[in-house]
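K.L.:
This one is query_33.txt, compact mmCIF, C-alpha atoms and all ligand atoms.
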```txt
# COMPACT_ATOMS: atom_id res chain seq x y z
CA MET A 158 -33.42 31.52 12.32
CA ASP A 159 -35.23 30.43 9.20
CA MET A 160 -38.83 29.65 10.08
CA HIS A 161 -39.45 28.29 6.62
CA GLN A 162 -37.61 25.17 7.68
CA VAL A 163 -40.46 24.20 9.99
CA GLU A 164 -42.25 21.16 8.68
CA GLN A 165 -44.90 18.68 9.69
CA PRO A 166 -43.60 15.79 11.84
CA ASP A 167 -43.67 13.56 8.77
CA GLY A 168 -41.61 16.05 6.78
CA THR A 169 -44.44 17.27 4.60
CA ALA A 170 -45.59 20.87 4.73
CA ALA A 171 -49.33 20.94 5.44
CA GLN A 172 -49.87 23.09 2.36
CA ASP A 173 -48.48 20.44 0.04
CA MET A 174 -50.76 17.80 1.50
CA ILE A 175 -53.75 19.37 -0.21
CA ASN A 176 -52.25 18.09 -3.47
CA PRO A 177 -54.68 15.27 -4.45
CA GLY A 178 -51.97 12.68 -5.18
CA LEU A 179 -50.15 13.32 -1.93
CA LEU A 180 -53.42 13.38 -0.05
CA LYS A 181 -54.36 10.01 -1.47
CA ALA A 182 -50.98 8.60 -0.47
CA THR A 183 -51.37 10.00 3.04
CA LEU A 184 -54.84 8.57 3.42
CA ASN A 185 -53.71 5.18 2.15
CA ARG A 186 -50.75 5.19 4.50
CA GLU A 187 -53.05 5.96 7.41
CA GLY A 188 -55.45 3.26 6.33
CA PHE A 189 -58.25 5.66 5.40
CA ARG A 190 -60.03 5.62 2.12
CA LEU A 191 -60.20 8.91 0.27
CA THR A 192 -63.91 8.87 -0.23
CA VAL A 193 -65.46 11.21 -2.75
CA GLN A 194 -67.22 12.93 0.13
CA ARG A 195 -64.00 13.67 2.02
CA GLN A 196 -62.46 14.98 -1.16
CA LYS A 197 -65.48 17.23 -1.71
CA ILE A 198 -65.22 18.57 1.83
CA LEU A 199 -61.58 19.51 1.30
CA THR A 200 -62.43 21.15 -2.02
CA LEU A 201 -65.13 23.12 -0.23
CA PHE A 202 -62.57 24.50 2.21
CA LYS A 203 -60.30 25.53 -0.63
CA GLU A 204 -63.09 27.22 -2.56
CA LYS A 205 -65.25 28.74 0.14
CA ALA A 206 -62.98 29.18 3.05
CA SER A 207 -59.27 29.13 2.35
CA ARG A 208 -58.79 31.59 5.23
CA HIS A 209 -62.05 31.12 6.99
CA HIS A 210 -63.94 28.72 9.21
CA LEU A 211 -66.82 26.41 8.51
CA SER A 212 -69.01 24.55 10.94
CA ALA A 213 -70.17 20.99 10.26
CA GLU A 214 -73.67 22.37 9.68
CA GLU A 215 -72.41 24.87 7.09
CA ILE A 216 -70.47 22.13 5.30
CA HIS A 217 -73.59 19.96 5.31
CA GLN A 218 -75.57 22.84 3.84
CA TYR A 219 -73.02 23.62 1.09
CA LEU A 220 -72.82 19.96 0.09
CA GLY A 221 -76.60 19.83 -0.04
CA GLU A 222 -76.62 22.85 -2.37
CA GLN A 223 -74.24 20.91 -4.63
CA GLY A 224 -76.73 18.04 -4.73
CA GLU A 225 -74.65 15.87 -2.42
CA LYS A 226 -76.81 13.58 -0.29
CA ILE A 227 -74.84 13.21 2.91
CA SER A 228 -75.95 13.12 6.54
CA VAL A 229 -74.63 15.48 9.21
CA SER A 230 -73.15 12.52 11.08
CA THR A 231 -71.21 11.49 7.95
CA VAL A 232 -69.90 15.06 7.72
CA TYR A 233 -68.77 14.86 11.37
CA ARG A 234 -67.03 11.54 10.75
CA ALA A 235 -65.28 12.87 7.65
CA LEU A 236 -64.15 15.98 9.54
CA HIS A 237 -62.80 13.83 12.34
CA VAL A 238 -60.69 11.84 9.87
CA LEU A 239 -59.42 14.97 8.11
CA VAL A 240 -58.44 16.49 11.47
CA LYS A 241 -56.66 13.28 12.43
CA LEU A 242 -54.71 13.42 9.19
CA GLY A 243 -53.59 16.96 9.96
CA LEU A 244 -55.36 18.45 6.93
CA LEU A 245 -57.99 20.31 8.88
CA GLN A 246 -57.87 21.93 12.25
CA GLU A 247 -60.70 21.88 14.75
CA LEU A 248 -61.29 25.12 16.60
CA GLU A 249 -63.42 25.50 19.67
CA LEU A 250 -63.26 29.24 19.90
CA ALA A 251 -66.58 30.15 21.41
CA GLU A 252 -68.33 27.94 23.91
CA GLY A 253 -70.18 25.08 22.24
CA ARG A 254 -69.28 26.18 18.73
CA LYS A 255 -66.86 24.09 16.73
CA TYR A 256 -65.32 25.33 13.54
CA TYR A 257 -62.96 23.78 11.07
CA GLU A 258 -60.33 25.37 8.89
CA LEU A 259 -57.50 24.24 6.65
CA LYS A 260 -54.44 23.67 8.75
CA SER A 261 -51.79 26.24 7.97
CA PRO A 262 -48.04 25.78 8.47
CA VAL A 263 -46.73 27.28 11.73
CA TRP A 264 -44.95 30.11 9.92
CA GLN A 265 -48.20 31.17 8.25
CA GLN A 266 -50.50 31.05 11.22
CA HIS A 267 -53.20 33.59 11.82
CA HIS A 268 -54.88 34.43 15.09
CA HIS A 269 -58.50 34.68 16.16
CA LEU A 270 -60.49 37.48 17.70
CA VAL A 271 -63.66 36.09 19.27
CA CYS A 272 -66.71 37.98 20.50
CA VAL A 273 -67.83 36.24 23.70
CA GLN A 274 -71.36 37.55 23.23
CA CYS A 275 -72.37 36.65 19.68
CA GLY A 276 -69.55 34.22 18.85
CA ASP A 277 -68.32 36.21 15.85
CA VAL A 278 -64.82 35.09 14.87
CA GLN A 279 -62.43 37.33 12.98
CA GLU A 280 -58.95 36.49 11.84
CA PHE A 281 -55.82 38.58 11.92
CA GLU A 282 -52.16 38.15 11.19
CA ASP A 283 -49.34 39.82 13.03
CA ASP A 284 -45.67 39.34 12.25
CA ALA A 285 -44.64 40.66 15.69
CA MET A 286 -46.71 37.98 17.48
CA THR A 287 -45.29 35.29 15.20
CA GLU A 288 -41.77 36.53 15.91
CA VAL A 289 -42.25 36.67 19.72
CA THR A 290 -43.68 33.13 19.67
CA ALA A 291 -40.75 31.82 17.61
CA GLN A 292 -38.23 33.63 19.82
CA GLU A 293 -39.73 32.44 23.12
CA THR A 294 -40.03 28.81 22.02
CA GLN A 295 -36.47 28.88 20.70
CA ASN A 296 -35.10 30.47 23.89
CA ARG A 297 -36.70 27.74 25.99
CA GLY A 298 -35.65 24.92 23.69
CA PHE A 299 -39.19 24.13 22.56
CA ALA A 300 -40.09 22.86 19.12
CA LEU A 301 -42.92 25.04 17.86
CA LEU A 302 -46.02 23.05 16.91
CA ASN A 303 -48.80 25.59 17.05
CA GLY A 304 -48.56 29.30 17.75
CA GLN A 305 -52.10 30.54 17.34
CA PHE A 306 -53.56 33.09 19.70
CA THR A 307 -57.21 33.42 20.59
CA VAL A 308 -58.20 36.88 21.80
CA TYR A 309 -61.59 37.27 23.47
CA GLY A 310 -63.61 40.46 23.57
CA LEU A 311 -66.88 42.16 22.73
CA CYS A 312 -67.43 43.15 19.11
CA PRO A 313 -68.66 46.71 18.39
CA HIS A 314 -72.19 45.38 17.87
CA CYS A 315 -72.30 43.69 21.29
CA GLN A 316 -70.82 46.51 23.35
CA PRO A 317 -73.32 48.35 25.55
CA GLN A 318 -74.00 51.84 24.25
CA ALA A 319 -72.39 54.63 26.30
CA ASN A 320 -75.75 56.37 26.77
CA GLY A 321 -77.75 53.20 27.37
ZN ZN B 401 -58.76 30.82 11.54
ZN ZN B 402 -70.53 40.28 19.18
```
Take the structure from the file and write it as structure tokens.
P.N.:
Amino acid sequence: MDMHQVEQPDGTAAQDMINPGLLKATLNREGFRLTVQRQKILTLFKEKASRHHLSAEEIHQYLGEQGEKISVSTVYRALHVLVKLGLLQELELAEGRKYYELKSPVWQQHHHLVCVQCGDVQEFEDDAMTEVTAQETQNRGFALLNGQFTVYGLCPHCQPQANG
């Protein structure tokens, strides 16, 4: 099977939606205004964190460093809209910690390794996991929407020492 055929429900690959013109069209269609602030948040993800996560607080801090006067609650509202539009993905990986990342197409998904102690999140990709997920969903007649794994553990720093 050709996994590259998988598309967003509206027929647009998530990747392409970062294109400013398309994004504007999407926002207009959904009845949202593409505010300068939302655009800046998306740009931030592309520049700082194309394959990484940001918390609302980090986004607020970065915007502040760029001289952008924006409240944390405005950042939260903007993130909510961008998640609703399918441009960003909200991740609640560790308890009480929410992160956001650019939504990747299902055939390009990465997985998360989370330390339950310190909340450190690391990303990894694995073709075998992607293949098993595609195979299993296909065998059971499912349409694959999201195939991300979250693996929990203790990072090297948080593991008790053998002699302690
Ligand atoms: Zn991630
Ligand atoms: Zn840790």
K.L.:
Identify which of the residues A:Ala300, A:Leu259, A:Ala213, A:Val232 lies closest to Leu199 of chain A, counting all atoms listed in the file when measuring atom-to-atom distances.
P.N.:
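The answer is A:Leu259, which sits nearest to Leu199 of chain A.
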K.L.:
Please, which residues have at least one atom within 9 Å of an atom of ligand ZN 401 (chain B), using all atoms listed in the file, listed as a PyMOL selection string?
P.N.:
chain A and resi 208-210+246+248+256-260+266-269+278-281+305
K.L.:
List all protein, DNA and RNA residues that have an atom no more than 12 Å from any atom of ligand ZN 402 (chain B), counting all atoms listed in the file, and report them as a PyMOL selection string.
P.N.:
chain A and resi 251+270-279+309-317
K.L.:
Just give me the gap between atom CA of Leu239 of chain A and atom CA of Gln218 of chain A in Å, one decimal is fine.
P.N.:
18.5 Å
K.L.:
Enclose all atoms of segment 194-212 of chain A listed in the file in an axis-aligned box, grow every side by 5 Å, and hand back centre and edge lengths in Å to one decimal, as lines of an AutoDock Vina configuration file.
P.N.:
```
center_x = -63.9
center_y = 22.3
center_z = 4.2
size_x = 20.2
size_y = 28.7
size_z = 23.5
```
K.L.:
For atom CA of Thr287 of chain A and atom CA of Asn303 of chain A, quote the distance in Å rounded to one decimal.
P.N.:
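According to the coordinates, atom CA of Thr287 of chain A and atom CA of Asn303 of chain A are separated by 10.5 Å.
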K.L.:
Select, counting all atoms listed in the file, all protein, DNA and RNA residues no farther than 12 Å from (-60.7, 14.1, 9.0) in file coordinates, and express the selection as a ChimeraX atom specification.
P.N.:
/A:180,183-184,187,189-192,194-196,198-199,213,231-247,257-260
K.L.:
Need a file for segment 207-240 of chain A from that block: N, CA and C atoms, written as a short mmCIF file (atom, residue, chain, number, x, y, z; two decimals), in the first residue's frame.
P.N.:
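Below is the file that was written, decode-v1.cif:
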```cif
data_model
loop_
_atom_site.label_atom_id
_atom_site.label_comp_id
_atom_site.auth_asym_id
_atom_site.auth_seq_id
_atom_site.Cartn_x
_atom_site.Cartn_y
_atom_site.Cartn_z
N SER A 207 10.63 22.90 14.60
CA SER A 207 9.96 22.15 13.53
C SER A 207 9.75 20.70 13.94
N ARG A 208 10.65 20.13 14.74
CA ARG A 208 10.45 18.77 15.23
C ARG A 208 10.57 18.76 16.74
N HIS A 209 9.95 19.75 17.36
CA HIS A 209 10.09 19.82 18.80
C HIS A 209 8.83 20.40 19.41
N HIS A 210 8.75 20.39 20.71
CA HIS A 210 7.54 20.86 21.38
C HIS A 210 7.77 22.18 22.06
N LEU A 211 6.71 22.95 22.15
CA LEU A 211 6.76 24.20 22.91
C LEU A 211 5.55 24.23 23.83
N SER A 212 5.76 24.76 25.02
CA SER A 212 4.62 24.98 25.92
C SER A 212 4.11 26.41 25.68
N ALA A 213 2.89 26.68 26.14
CA ALA A 213 2.32 28.02 25.98
C ALA A 213 3.23 29.06 26.64
N GLU A 214 3.83 28.69 27.77
CA GLU A 214 4.71 29.61 28.49
C GLU A 214 5.96 29.93 27.67
N GLU A 215 6.51 28.89 27.02
CA GLU A 215 7.70 29.10 26.18
C GLU A 215 7.37 30.00 24.99
N ILE A 216 6.20 29.77 24.40
CA ILE A 216 5.78 30.59 23.26
C ILE A 216 5.63 32.04 23.70
N HIS A 217 5.01 32.22 24.87
CA HIS A 217 4.83 33.55 25.43
C HIS A 217 6.17 34.24 25.64
N GLN A 218 7.14 33.47 26.12
CA GLN A 218 8.47 34.01 26.37
C GLN A 218 9.18 34.40 25.08
N TYR A 219 9.14 33.51 24.08
CA TYR A 219 9.76 33.80 22.78
C TYR A 219 9.16 35.04 22.14
N LEU A 220 7.84 35.15 22.19
CA LEU A 220 7.17 36.30 21.59
C LEU A 220 7.57 37.58 22.30
N GLY A 221 7.71 37.47 23.62
CA GLY A 221 8.16 38.62 24.42
C GLY A 221 9.54 39.08 24.01
N GLU A 222 10.43 38.08 23.75
CA GLU A 222 11.80 38.39 23.32
C GLU A 222 11.80 39.10 21.97
N GLN A 223 10.77 38.83 21.16
CA GLN A 223 10.65 39.47 19.85
C GLN A 223 9.94 40.82 19.95
N GLY A 224 9.66 41.24 21.19
CA GLY A 224 9.01 42.53 21.39
C GLY A 224 7.50 42.49 21.20
N GLU A 225 6.94 41.28 21.18
CA GLU A 225 5.51 41.13 20.98
C GLU A 225 4.79 41.21 22.33
N LYS A 226 3.90 42.18 22.46
CA LYS A 226 3.16 42.32 23.72
C LYS A 226 1.88 41.49 23.61
N ILE A 227 1.88 40.37 24.25
CA ILE A 227 0.75 39.44 24.15
C ILE A 227 0.62 38.71 25.48
N SER A 228 -0.60 38.55 25.96
CA SER A 228 -0.79 37.91 27.26
C SER A 228 -0.79 36.39 27.10
N VAL A 229 -0.53 35.69 28.21
CA VAL A 229 -0.51 34.23 28.16
C VAL A 229 -1.88 33.70 27.74
N SER A 230 -2.94 34.36 28.20
CA SER A 230 -4.28 33.86 27.85
C SER A 230 -4.56 34.02 26.36
N THR A 231 -4.00 35.07 25.74
CA THR A 231 -4.13 35.23 24.29
C THR A 231 -3.37 34.12 23.56
N VAL A 232 -2.20 33.76 24.11
CA VAL A 232 -1.42 32.67 23.53
C VAL A 232 -2.23 31.37 23.59
N TYR A 233 -2.86 31.11 24.75
CA TYR A 233 -3.68 29.91 24.91
C TYR A 233 -4.83 29.88 23.90
N ARG A 234 -5.48 31.04 23.74
CA ARG A 234 -6.61 31.11 22.80
C ARG A 234 -6.14 30.84 21.38
N ALA A 235 -5.01 31.45 21.01
CA ALA A 235 -4.46 31.27 19.66
C ALA A 235 -4.10 29.80 19.43
N LEU A 236 -3.50 29.18 20.44
CA LEU A 236 -3.12 27.76 20.32
C LEU A 236 -4.34 26.89 20.12
N HIS A 237 -5.39 27.22 20.86
CA HIS A 237 -6.63 26.47 20.77
C HIS A 237 -7.18 26.50 19.34
N VAL A 238 -7.16 27.69 18.74
CA VAL A 238 -7.65 27.86 17.37
C VAL A 238 -6.78 27.07 16.39
N LEU A 239 -5.46 27.17 16.56
CA LEU A 239 -4.54 26.49 15.64
C LEU A 239 -4.65 24.97 15.76
N VAL A 240 -4.97 24.48 16.97
CA VAL A 240 -5.20 23.04 17.15
C VAL A 240 -6.49 22.65 16.45
#
```
